[in-house]
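Trainee: Got target_32.csv for you, CSV, C-alpha atoms:
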chain,number,residue,atom,x,y,z
P,1,MET,CA,26.1,6.7,-29.1
P,2,SER,CA,23.7,4.8,-31.3
P,3,ASP,CA,20.3,6.3,-32.0
P,4,LEU,CA,18.5,3.6,-30.0
P,5,VAL,CA,20.9,4.0,-27.0
P,6,ARG,CA,20.4,7.8,-27.2
P,7,ARG,CA,16.6,7.5,-27.3
P,8,GLY,CA,16.7,4.9,-24.4
P,9,PHE,CA,18.8,7.3,-22.4
P,10,ASP,CA,16.4,10.2,-23.2
P,11,PHE,CA,13.7,8.1,-21.7
P,12,ILE,CA,15.7,7.3,-18.6
P,13,THR,CA,16.6,11.0,-18.2
P,14,GLN,CA,12.9,11.8,-18.4
P,15,LEU,CA,12.3,9.3,-15.6
P,16,ASP,CA,15.0,11.0,-13.5
P,17,ARG,CA,13.3,14.4,-14.0
P,18,ILE,CA,9.8,13.2,-13.0
P,19,GLY,CA,11.3,11.2,-10.1
P,20,GLY,CA,13.3,14.2,-8.8
P,21,VAL,CA,16.5,12.3,-9.2
P,22,ASN,CA,19.4,14.8,-9.4
P,23,ARG,CA,22.4,12.4,-9.7
P,24,GLN,CA,25.2,12.4,-12.2
P,25,TRP,CA,25.8,9.4,-14.4
P,26,ILE,CA,28.9,7.4,-14.3
P,27,THR,CA,29.9,5.3,-17.4
P,28,ARG,CA,31.5,1.9,-16.9
P,29,ILE,CA,31.5,0.7,-20.5
P,30,ASP,CA,31.7,3.2,-23.4
P,31,ASN,CA,29.8,2.8,-26.7
P,32,GLU,CA,27.8,-0.2,-25.6
P,33,VAL,CA,25.0,-0.8,-28.1
P,34,THR,CA,21.6,-2.5,-27.8
P,35,ASP,CA,20.0,-4.8,-30.4
P,36,PRO,CA,16.8,-3.4,-31.9
P,37,LYS,CA,15.6,-7.0,-32.3
P,38,TYR,CA,14.9,-7.4,-28.6
P,39,GLY,CA,12.6,-5.4,-26.4
P,40,SER,CA,11.6,-1.8,-27.2
P,41,ILE,CA,11.8,1.8,-25.9
P,42,PRO,CA,8.9,1.8,-23.3
P,43,TRP,CA,6.9,4.5,-25.3
P,44,GLU,CA,7.1,2.2,-28.4
P,45,ARG,CA,6.0,-1.1,-26.9
P,46,PRO,CA,3.4,-2.9,-29.0
P,47,ILE,CA,0.1,-1.6,-27.8
P,48,ASP,CA,-1.1,-4.7,-25.9
P,49,GLU,CA,2.2,-4.9,-24.0
P,50,TYR,CA,2.1,-1.1,-23.6
P,51,ILE,CA,-1.2,-1.4,-21.8
P,52,LYS,CA,-0.2,-4.3,-19.6
P,53,LYS,CA,2.9,-2.4,-18.5
P,54,GLY,CA,1.0,0.8,-18.0
P,55,LEU,CA,0.3,3.3,-15.4
P,56,ILE,CA,-2.7,5.7,-15.2
P,57,VAL,CA,-2.4,8.8,-13.0
P,58,LEU,CA,-6.2,9.1,-12.5
P,59,ASP,CA,-8.1,12.2,-11.6
P,60,LYS,CA,-10.4,10.2,-9.3
P,61,PRO,CA,-14.1,11.3,-9.2
P,62,PRO,CA,-15.1,12.1,-5.7
P,63,GLY,CA,-18.0,9.7,-5.3
P,64,PRO,CA,-16.8,6.1,-5.8
P,65,THR,CA,-14.1,4.4,-3.7
P,66,SER,CA,-10.6,3.8,-5.1
P,67,HIS,CA,-11.5,0.1,-5.2
P,68,GLU,CA,-14.6,0.7,-7.4
P,69,VAL,CA,-12.7,3.0,-9.7
P,70,VAL,CA,-10.0,0.4,-10.2
P,71,ALA,CA,-12.6,-2.2,-10.9
P,72,TRP,CA,-14.1,0.0,-13.6
P,73,ILE,CA,-10.8,0.5,-15.2
P,74,LYS,CA,-10.1,-3.2,-15.3
P,75,LYS,CA,-13.4,-3.8,-16.9
P,76,MET,CA,-13.0,-1.0,-19.4
P,77,ILE,CA,-9.6,-2.1,-20.5
P,78,GLY,CA,-10.4,-5.8,-20.2
P,79,ILE,CA,-7.5,-6.8,-17.9
P,80,GLU,CA,-7.7,-9.0,-14.9
P,81,LYS,CA,-5.4,-7.2,-12.6
P,82,ALA,CA,-4.7,-3.7,-11.5
P,83,GLY,CA,-3.6,-2.0,-8.4
P,84,HIS,CA,-3.6,1.5,-6.9
P,85,GLY,CA,-1.2,3.5,-4.9
P,86,GLY,CA,-3.1,3.8,-1.6
P,87,THR,CA,-6.7,4.3,-0.9
P,88,LEU,CA,-8.5,7.6,-0.5
P,89,GLU,CA,-11.2,5.9,1.5
P,90,PRO,CA,-11.1,2.9,3.8
P,91,SER,CA,-10.8,-0.2,1.8
P,92,PRO,CA,-9.7,-3.6,3.1
P,93,VAL,CA,-8.6,-4.7,-0.3
P,94,VAL,CA,-4.9,-5.2,-0.9
P,95,TRP,CA,-4.1,-5.9,-4.5
P,96,GLY,CA,-1.9,-8.9,-5.1
P,97,TRP,CA,0.3,-9.7,-8.0
P,98,ALA,CA,0.2,-12.9,-9.8
P,99,GLY,CA,2.9,-15.5,-9.3
P,100,ARG,CA,5.9,-15.3,-11.5
P,101,SER,CA,7.7,-18.2,-13.1
P,102,GLU,CA,10.6,-18.1,-10.7
P,103,GLY,CA,8.5,-18.1,-7.6
P,104,TYR,CA,8.2,-14.4,-7.0
P,105,GLY,CA,4.6,-15.0,-6.3
P,106,CYS,CA,2.3,-15.1,-3.3
P,107,ALA,CA,5.0,-15.8,-0.8
P,108,ALA,CA,6.7,-12.7,-1.7
P,109,SER,CA,3.6,-10.5,-2.1
P,110,SER,CA,2.0,-11.4,1.2
P,111,SER,CA,5.0,-10.2,3.2
P,112,SER,CA,5.9,-7.1,1.2
P,113,GLN,CA,2.6,-5.6,0.4
P,114,ARG,CA,2.0,-4.4,3.9
P,115,HIS,CA,4.4,-3.3,6.4
A,1,MET,CA,-5.2,11.7,-8.0
A,2,LEU,CA,-4.9,8.0,-7.8
A,3,PRO,CA,-2.1,6.1,-9.5
A,4,VAL,CA,-3.5,3.0,-11.1
A,5,ALA,CA,-1.1,0.3,-12.2
A,6,LEU,CA,-2.3,-2.0,-14.9
A,7,ALA,CA,-1.8,-5.8,-15.2
A,8,SER,CA,1.9,-6.5,-14.8
A,9,ALA,CA,2.7,-3.0,-13.6
A,10,THR,CA,0.7,-4.0,-10.4
A,11,LYS,CA,3.7,-5.6,-8.9
A,12,LEU,CA,5.5,-2.3,-8.8
A,13,ILE,CA,2.8,-0.2,-7.1
A,14,GLY,CA,3.8,-1.6,-3.7
A,15,LEU,CA,7.1,0.4,-4.0
A,16,ILE,CA,5.3,3.7,-3.8
A,17,MET,CA,2.0,3.0,-2.0
A,18,HIS,CA,3.6,3.4,1.4
A,19,SER,CA,5.4,6.6,0.6
A,20,VAL,CA,4.8,10.3,1.1
A,21,LYS,CA,1.3,11.6,0.3
A,22,GLU,CA,0.3,15.2,-0.4
A,23,TYR,CA,-3.2,16.5,0.0
A,24,VAL,CA,-5.2,19.7,-0.2
A,25,ALA,CA,-7.8,19.7,2.4
A,26,LEU,CA,-10.8,21.9,3.3
A,27,MET,CA,-11.5,22.1,7.0
A,28,GLU,CA,-14.5,23.7,8.6
A,29,VAL,CA,-14.2,25.0,12.2
A,30,HIS,CA,-17.5,25.0,14.0
A,31,SER,CA,-17.4,28.6,15.3
A,32,GLU,CA,-15.3,31.7,14.5
A,33,VAL,CA,-11.7,31.6,15.6
A,34,ALA,CA,-8.9,34.1,14.9
A,35,PRO,CA,-7.0,33.0,11.8
A,36,GLU,CA,-3.7,33.3,13.7
A,37,LYS,CA,-5.0,30.8,16.2
A,38,VAL,CA,-5.9,28.4,13.4
A,39,VAL,CA,-2.4,28.8,11.8
A,40,GLU,CA,-0.7,28.3,15.1
A,41,THR,CA,-2.7,25.2,15.9
A,42,LEU,CA,-2.2,23.6,12.5
A,43,ASN,CA,1.5,24.2,12.7
A,44,MET,CA,1.5,22.3,16.0
A,45,PHE,CA,0.7,19.2,14.0
A,46,VAL,CA,3.9,19.3,11.9
A,47,GLY,CA,6.3,16.6,13.1
A,48,LYS,CA,5.4,13.3,14.7
A,49,ILE,CA,1.8,13.0,15.9
A,50,TYR,CA,-0.2,10.3,17.6
A,51,GLN,CA,-3.2,9.2,15.6
A,52,ARG,CA,-5.9,6.6,16.2
A,53,PRO,CA,-7.4,5.5,12.9
A,54,PRO,CA,-11.0,6.4,12.5
A,55,LEU,CA,-13.9,4.0,13.0
A,56,ARG,CA,-14.3,3.5,9.2
A,57,SER,CA,-10.7,2.5,8.4
A,58,SER,CA,-9.0,-0.4,6.9
A,59,VAL,CA,-6.4,-0.9,9.7
A,60,LYS,CA,-6.4,-1.9,13.3
A,61,ARG,CA,-7.6,1.0,15.5
A,62,THR,CA,-4.6,1.3,17.8
A,63,LEU,CA,-2.8,4.6,18.5
A,64,ARG,CA,0.1,5.0,16.1
A,65,VAL,CA,2.6,7.6,15.3
A,66,ARG,CA,2.5,9.3,11.9
A,67,GLU,CA,4.8,12.0,10.6
A,68,ILE,CA,3.5,15.3,9.1
A,69,TYR,CA,6.3,16.8,7.0
A,70,ASP,CA,4.7,20.1,6.1
A,71,ILE,CA,1.5,22.1,6.4
A,72,GLU,CA,0.9,25.1,4.3
A,73,ILE,CA,-2.2,27.2,4.8
A,74,LEU,CA,-3.5,28.3,1.5
A,75,GLU,CA,-6.6,30.3,2.4
A,76,ILE,CA,-8.8,31.1,5.4
A,77,GLU,CA,-12.3,32.4,4.8
A,78,GLY,CA,-14.7,32.6,7.7
A,79,ARG,CA,-14.9,29.1,9.1
A,80,HIS,CA,-13.2,27.5,6.1
A,81,VAL,CA,-9.5,26.7,6.2
A,82,LEU,CA,-7.8,25.4,3.0
A,83,PHE,CA,-4.4,23.9,3.5
A,84,ARG,CA,-1.9,21.7,1.8
A,85,ILE,CA,-0.3,18.9,3.8
A,86,ARG,CA,2.6,16.5,3.1
A,87,CYS,CA,2.5,13.5,5.4
A,88,GLN,CA,3.5,9.9,5.9
A,89,SER,CA,1.4,7.3,4.2
A,90,GLY,CA,-1.5,6.1,6.5
A,91,THR,CA,-2.2,9.5,8.0
A,92,TYR,CA,-5.9,10.2,8.2
A,93,ILE,CA,-6.6,13.8,7.3
A,94,ARG,CA,-10.2,13.6,8.5
A,95,LYS,CA,-8.9,12.6,11.9
A,96,LEU,CA,-6.3,15.3,11.9
A,97,CYS,CA,-9.0,18.0,11.2
A,98,HIS,CA,-11.0,16.6,14.1
A,99,ASP,CA,-8.0,16.7,16.4
A,100,VAL,CA,-7.2,20.3,15.3
A,101,GLY,CA,-10.8,21.2,16.3
A,102,LEU,CA,-10.3,19.6,19.7
A,103,LEU,CA,-7.2,21.7,20.3
A,104,LEU,CA,-8.9,24.8,19.1
A,105,GLY,CA,-11.7,24.1,21.5
A,106,VAL,CA,-14.4,24.8,18.9
A,107,GLU,CA,-14.5,21.4,17.0
A,108,ALA,CA,-13.8,21.1,13.3
A,109,HIS,CA,-14.3,18.6,10.5
A,110,MET,CA,-12.9,17.9,7.1
A,111,ARG,CA,-15.2,19.0,4.3
A,112,GLU,CA,-13.2,18.1,1.2
A,113,LEU,CA,-10.0,16.3,0.4
A,114,ARG,CA,-8.0,16.0,-2.7
A,115,ARG,CA,-4.8,14.0,-3.0
A,116,THR,CA,-2.2,16.0,-5.1
A,117,ALA,CA,0.7,13.6,-5.0
A,118,THR,CA,1.8,10.0,-4.1
A,119,ALA,CA,5.5,9.9,-3.8
A,120,HIS,CA,6.9,11.6,-6.9
A,121,LEU,CA,3.7,11.1,-8.9
A,122,ARG,CA,2.0,14.5,-8.9
A,123,GLU,CA,-1.3,15.5,-10.2
A,124,ASP,CA,0.3,18.1,-12.6
A,125,PHE,CA,2.0,15.2,-14.4
A,126,ASN,CA,-0.3,13.5,-16.9
A,127,LEU,CA,-3.5,13.5,-14.8
A,128,VAL,CA,-6.4,11.9,-16.7
A,129,THR,CA,-10.1,11.5,-16.1
A,130,LEU,CA,-12.1,8.3,-16.5
A,131,HIS,CA,-13.7,9.9,-19.5
A,132,GLU,CA,-10.4,10.4,-21.2
A,133,VAL,CA,-9.5,6.7,-20.6
A,134,SER,CA,-12.8,5.7,-22.0
A,135,GLU,CA,-12.4,7.9,-25.1
A,136,ALA,CA,-8.9,6.7,-25.8
A,137,LEU,CA,-10.1,3.1,-25.6
A,138,TYR,CA,-12.9,3.9,-28.0
A,139,LEU,CA,-10.6,5.4,-30.6
A,140,TRP,CA,-8.3,2.5,-30.3
A,141,ARG,CA,-10.9,-0.2,-30.5
A,142,ASN,CA,-13.1,1.4,-33.2
A,143,TYR,CA,-10.6,3.4,-35.3
A,144,LYS,CA,-7.4,1.5,-34.6
A,145,ASP,CA,-5.9,4.7,-33.4
A,146,ASP,CA,-3.8,4.3,-30.3
A,147,THR,CA,-2.4,7.8,-30.2
A,148,LEU,CA,-4.6,9.0,-27.4
A,149,LEU,CA,-4.3,5.7,-25.5
A,150,ARG,CA,-0.5,6.1,-25.5
A,151,LYS,CA,-1.0,9.6,-23.9
A,152,VAL,CA,-3.5,8.5,-21.3
A,153,ILE,CA,-1.4,5.5,-20.2
A,154,LEU,CA,2.2,5.9,-19.2
A,155,PRO,CA,4.9,3.3,-19.1
A,156,ALA,CA,5.1,1.6,-15.7
A,157,GLU,CA,8.8,2.7,-15.5
A,158,PHE,CA,7.4,6.0,-14.1
A,159,ILE,CA,6.3,4.2,-10.9
A,160,VAL,CA,10.0,3.7,-10.1
A,161,ALA,CA,11.3,7.0,-11.6
A,162,HIS,CA,12.5,8.1,-8.1
A,163,LEU,CA,15.0,5.3,-7.7
A,164,PRO,CA,18.7,5.5,-8.5
A,165,LYS,CA,19.3,3.5,-11.7
A,166,ILE,CA,21.7,1.0,-13.2
A,167,VAL,CA,21.8,0.5,-16.9
A,168,ILE,CA,22.9,-3.0,-18.1
A,169,LYS,CA,24.1,-4.8,-21.2
A,170,ASP,CA,21.6,-6.7,-23.5
A,171,THR,CA,23.5,-9.9,-22.6
A,172,ALA,CA,22.8,-9.4,-18.8
A,173,VAL,CA,19.1,-8.9,-19.1
A,174,ASP,CA,17.7,-12.4,-19.5
A,175,ALA,CA,19.7,-13.9,-16.6
A,176,ILE,CA,18.1,-11.3,-14.3
A,177,ALA,CA,14.7,-11.9,-15.8
A,178,HIS,CA,15.3,-15.5,-14.7
A,179,GLY,CA,16.2,-14.4,-11.2
A,180,ALA,CA,20.0,-14.1,-11.3
A,181,GLN,CA,21.8,-11.4,-9.3
A,182,LEU,CA,23.2,-8.4,-11.1
A,183,ALA,CA,27.0,-9.0,-11.6
A,184,VAL,CA,29.4,-6.0,-12.1
A,185,PRO,CA,30.5,-6.9,-15.6
A,186,GLY,CA,26.9,-6.5,-16.9
A,187,ILE,CA,26.8,-2.8,-15.9
A,188,VAL,CA,27.1,-0.1,-18.6
A,189,LYS,CA,26.3,3.0,-16.6
A,190,LEU,CA,24.9,4.0,-13.2
A,191,HIS,CA,23.9,6.9,-11.0
A,192,GLU,CA,26.5,8.2,-8.7
A,193,GLY,CA,25.9,8.2,-4.9
A,194,ILE,CA,24.4,4.7,-4.6
A,195,SER,CA,25.2,3.1,-1.2
A,196,ARG,CA,25.1,-0.5,-0.1
A,197,GLY,CA,21.5,-1.4,0.7
A,198,ASP,CA,19.9,1.2,-1.5
A,199,THR,CA,17.0,0.2,-3.6
A,200,VAL,CA,17.9,0.5,-7.3
A,201,ALA,CA,16.1,0.2,-10.6
A,202,ILE,CA,17.9,-2.0,-13.1
A,203,MET,CA,17.2,-0.8,-16.7
A,204,THR,CA,18.1,-1.9,-20.2
A,205,LEU,CA,19.8,0.5,-22.6
A,206,LYS,CA,16.4,1.1,-24.2
A,207,GLY,CA,15.1,2.3,-20.8
A,208,GLU,CA,13.0,-0.7,-19.9
A,209,LEU,CA,12.8,-1.7,-16.3
A,210,VAL,CA,14.3,-5.2,-15.8
A,211,ALA,CA,14.1,-5.5,-12.1
A,212,ILE,CA,14.3,-3.8,-8.7
A,213,GLY,CA,17.4,-4.6,-6.7
A,214,LYS,CA,19.2,-3.9,-3.4
A,215,ALA,CA,22.7,-2.5,-4.0
A,216,GLU,CA,25.4,-4.8,-2.6
A,217,MET,CA,28.1,-2.3,-3.5
A,218,SER,CA,28.4,1.5,-3.7
A,219,SER,CA,28.6,3.3,-7.0
A,220,GLU,CA,32.4,3.6,-6.6
A,221,GLU,CA,32.8,-0.1,-5.9
A,222,MET,CA,30.6,-0.9,-9.0
A,223,LEU,CA,32.9,1.3,-11.1
A,224,SER,CA,36.2,0.0,-9.7
A,225,SER,CA,35.4,-3.8,-9.5
A,226,ASP,CA,35.8,-6.3,-12.2
A,227,LYS,CA,33.5,-8.9,-10.8
A,228,GLY,CA,31.1,-9.6,-7.9
A,229,VAL,CA,27.4,-9.1,-7.2
A,230,ALA,CA,26.5,-5.4,-7.6
A,231,ALA,CA,22.9,-5.8,-6.7
A,232,ARG,CA,20.6,-8.5,-5.3
A,233,ILE,CA,17.3,-8.8,-7.1
A,234,VAL,CA,14.3,-8.0,-5.1
A,235,ARG,CA,11.6,-8.1,-7.8
A,236,VAL,CA,11.8,-9.0,-11.4
A,237,PHE,CA,9.7,-6.9,-13.8
A,238,MET,CA,10.8,-8.1,-17.3
A,239,GLU,CA,9.5,-11.5,-18.4
A,240,PRO,CA,12.1,-14.1,-19.4
A,241,GLY,CA,12.8,-14.6,-23.1
A,242,VAL,CA,12.5,-10.9,-24.2
A,243,TYR,CA,16.3,-10.6,-24.6
A,244,PRO,CA,18.4,-13.6,-25.7
A,245,ARG,CA,19.8,-16.0,-23.2
A,246,ALA,CA,23.5,-15.3,-23.0
A,247,TRP,CA,24.6,-17.2,-19.9
A,248,LYS,CA,26.0,-20.7,-19.9
A,249,LYS,CA,26.3,-22.0,-16.4
A,250,SER,CA,23.3,-23.6,-14.6
A,251,LYS,CA,22.1,-21.2,-12.0
A,252,SER,CA,20.1,-21.3,-8.8
A,253,THR,CA,16.4,-20.7,-9.3
A,254,THR,CA,15.9,-19.6,-5.7
A,255,ALA,CA,14.3,-16.2,-5.6
A,256,GLU,CA,16.1,-13.9,-3.3
A,257,LYS,CA,14.0,-11.5,-1.3
A,258,GLY,CA,16.0,-8.5,-0.2
Using structure tokens, write down the structure that the file contains.
Mentor:
Amino acid sequence: MSDLVRRGFDFITQLDRIGGVNRQWITRIDNEVTDPKYGSIPWERPIDEYIKKGLIVLDKPPGPTSHEVVAWIKKMIGIEKAGHGGTLEPSPVVWGWAGRSEGYGCAASSSSQRH
Amino acid sequence: MLPVALASATKLIGLIMHSVKEYVALMEVHSEVAPEKVVETLNMFVGKIYQRPPLRSSVKRTLRVREIYDIEILEIEGRHVLFRIRCQSGTYIRKLCHDVGLLLGVEAHMRELRRTATAHLREDFNLVTLHEVSEALYLWRNYKDDTLLRKVILPAEFIVAHLPKIVIKDTAVDAIAHGAQLAVPGIVKLHEGISRGDTVAIMTLKGELVAIGKAEMSSEEMLSSDKGVAARIVRVFMEPGVYPRAWKKSKSTTAEKG
């Protein structure tokens, strides 16, 4: 196994552990390699990309609403979009995601954000 | 705890926002009741319950069924009852405390509530405060040091860590980033036990999430087949052009929703 593949797999194994996935792995193609020129191990993404593909597990202060806290985080970091995993207080806001090049946009989000 | 997905990670948060929630709640009963009675009454709420969302809520106030998976009483001191509860998303704990009070016949209300988990994301895993976020941003902006920021923020892949995974070849990545289905020959390795219709995370060999898919084959079929669609893409995470374009034929640009 190449070093990059090993480190990539270490990360995937870490995801399994946090996600509580206790499944065995089955290999279909042995010794497949990945080109270091493209993409990166998620921990090693360039910082701007690292932030944009980021998750914060926030210890929410009790006063403000989830909506307000997310608005602060967006402002602090300087990003236009952020979403949270369910409100702790009533909030009518459902966070959308921006349209993707192939049309995975509003049409998809409106149906799948709430059900 | 509140999981906050940043920028392009936002499109993944929908995958966990409707899943199991865990809270620690402090309930106050309005007059002395025997602790055994409190335990007994709270345990009656385990299973499926009817709940009408409270006045201040974001949903239509019609009676609906919510499932309570588990209630564990942590401490009872006088009129205060501290308990841990695991429940379906959309359960109002404040309402539950009120309803427990009605059954006890002494009235009760919720005094404090703390969420301890959303799906697999638990507060004992990398919980950070707003101050820590602010400090990490300060160090990065003013001293070009991103060490703390990389600890405060996690890769979005953790949002879908609970899903069974399929790891694909570099050459299969960009087609999927453009909306193509996952074909069997692109698969390098996969989790066992995937059934048709299961939601799967499609990853690169470096561990990057490419897309979320719905399995069209079981793990065994993916292993034994030479061709065919292994998973239908539900949501693409990786932007096109990160990996080289390796496919030749023109392909449909219609986005499939699973």
Trainee: Please check the contacts: residues of chain A at most 7 Å away from chain P, using all atoms listed in the file, listed as a ChimeraX atom specification.
Mentor: /A:1-11,13-14,16-17,56-58,120,126-129,152-156,158,161-162,170,178-179,187-192,205-208,223,242-243,253,255
Trainee: Grab the residues selected above and save them as a CSV table (one decimal), keeping the file's coordinate frame with C-alpha atoms.
Mentor:
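Listed below is the output, selection05.csv:
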chain,number,residue,atom,x,y,z
A,1,MET,CA,-5.2,11.7,-8.0
A,2,LEU,CA,-4.9,8.0,-7.8
A,3,PRO,CA,-2.1,6.1,-9.5
A,4,VAL,CA,-3.5,3.0,-11.1
A,5,ALA,CA,-1.1,0.3,-12.2
A,6,LEU,CA,-2.3,-2.0,-14.9
A,7,ALA,CA,-1.8,-5.8,-15.2
A,8,SER,CA,1.9,-6.5,-14.8
A,9,ALA,CA,2.7,-3.0,-13.6
A,10,THR,CA,0.7,-4.0,-10.4
A,11,LYS,CA,3.7,-5.6,-8.9
A,13,ILE,CA,2.8,-0.2,-7.1
A,14,GLY,CA,3.8,-1.6,-3.7
A,16,ILE,CA,5.3,3.7,-3.8
A,17,MET,CA,2.0,3.0,-2.0
A,56,ARG,CA,-14.3,3.5,9.2
A,57,SER,CA,-10.7,2.5,8.4
A,58,SER,CA,-9.0,-0.4,6.9
A,120,HIS,CA,6.9,11.6,-6.9
A,126,ASN,CA,-0.3,13.5,-16.9
A,127,LEU,CA,-3.5,13.5,-14.8
A,128,VAL,CA,-6.4,11.9,-16.7
A,129,THR,CA,-10.1,11.5,-16.1
A,152,VAL,CA,-3.5,8.5,-21.3
A,153,ILE,CA,-1.4,5.5,-20.2
A,154,LEU,CA,2.2,5.9,-19.2
A,155,PRO,CA,4.9,3.3,-19.1
A,156,ALA,CA,5.1,1.6,-15.7
A,158,PHE,CA,7.4,6.0,-14.1
A,161,ALA,CA,11.3,7.0,-11.6
A,162,HIS,CA,12.5,8.1,-8.1
A,170,ASP,CA,21.6,-6.7,-23.5
A,178,HIS,CA,15.3,-15.5,-14.7
A,179,GLY,CA,16.2,-14.4,-11.2
A,187,ILE,CA,26.8,-2.8,-15.9
A,188,VAL,CA,27.1,-0.1,-18.6
A,189,LYS,CA,26.3,3.0,-16.6
A,190,LEU,CA,24.9,4.0,-13.2
A,191,HIS,CA,23.9,6.9,-11.0
A,192,GLU,CA,26.5,8.2,-8.7
A,205,LEU,CA,19.8,0.5,-22.6
A,206,LYS,CA,16.4,1.1,-24.2
A,207,GLY,CA,15.1,2.3,-20.8
A,208,GLU,CA,13.0,-0.7,-19.9
A,223,LEU,CA,32.9,1.3,-11.1
A,242,VAL,CA,12.5,-10.9,-24.2
A,243,TYR,CA,16.3,-10.6,-24.6
A,253,THR,CA,16.4,-20.7,-9.3
A,255,ALA,CA,14.3,-16.2,-5.6
Trainee: Could you please determine the separation between CA of Thr116 (chain A) and CA of Leu42 (chain A) in Å, to one decimal place?
Mentor: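 We find that CA of Thr116 (chain A) and CA of Leu42 (chain A) lie 19.2 Å from each other.
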Trainee: For Ala231 (chain A), work out the shell of residues within 6 Å, counting all atoms listed in the file and skipping chain neighbours fewer than 6 positions away, then give it as a list in words.
Mentor: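 Close residues of Ala231 (chain A): Leu182, Gly213, Lys214, Ala215 and Glu216 of chain A.
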Trainee: Which neighbours of Tyr50 (chain A) fall inside 9 Å, counting all atoms listed in the file, when residues of the same chain fewer than 3 positions from it are skipped, and could you give them as a list of chain:residue names?
Mentor: A:Leu63, A:Arg64, A:Val65, A:Arg66, A:Glu67
Trainee: Any idea what's packed within 12 Å of Pro35 (chain A), counting only C-alpha atoms, ignoring anything in its chain fewer than 6 positions away? Could you give it as a list in words?
Mentor: Val29, Thr41, Leu42, Ile73, Leu74, Glu75, Ile76, Glu77, Gly78, Arg79, His80, Val81, Leu82 and Leu104 of chain A
Trainee: Could you save the residues just selected, with C-alpha atoms, as a short mmCIF file (atom, residue, chain, number, x, y, z; two decimals), in the frame of the given file?
Mentor:
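Contents of the output file part11.cif:
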data_model
loop_
_atom_site.label_atom_id
_atom_site.label_comp_id
_atom_site.auth_asym_id
_atom_site.auth_seq_id
_atom_site.Cartn_x
_atom_site.Cartn_y
_atom_site.Cartn_z
CA VAL A 29 -14.20 25.00 12.20
CA THR A 41 -2.70 25.20 15.90
CA LEU A 42 -2.20 23.60 12.50
CA ILE A 73 -2.20 27.20 4.80
CA LEU A 74 -3.50 28.30 1.50
CA GLU A 75 -6.60 30.30 2.40
CA ILE A 76 -8.80 31.10 5.40
CA GLU A 77 -12.30 32.40 4.80
CA GLY A 78 -14.70 32.60 7.70
CA ARG A 79 -14.90 29.10 9.10
CA HIS A 80 -13.20 27.50 6.10
CA VAL A 81 -9.50 26.70 6.20
CA LEU A 82 -7.80 25.40 3.00
CA LEU A 104 -8.90 24.80 19.10
#
Trainee: Would you list the contacts of Met203 (chain A) as a VMD selection string, taking every protein, DNA or RNA residue within 10 Å and counting all atoms listed in the file, but skipping same-chain residues closer than 6 positions in sequence?
Mentor: (chain P and resid 8 12) or (chain A and resid 157 165 to 169 173 187 189 to 190 209 to 212 238)
Trainee: Take every atom of region 68-71 of chain A listed in the file, fit an axis-aligned box around them, add 6 Å per side, and give the centre and edge lengths in Å to one decimal as AutoDock Vina command-line options.
Mentor:
--center_x 3.9 --center_y 18.7 --center_z 7.6 --size_x 16.8 --size_y 18.8 --size_z 15.0
Trainee: Out of A:Ala136, A:Leu121, A:Leu130, A:Val39, which residue has the shortest atom-to-atom distance to Ile159 (chain A) when counting only C-alpha atoms?
Mentor: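 Checking each of A:Ala136, A:Leu121, A:Leu130, A:Val39 against Ile159 (chain A), counting only C-alpha atoms, the winner is A:Leu121.
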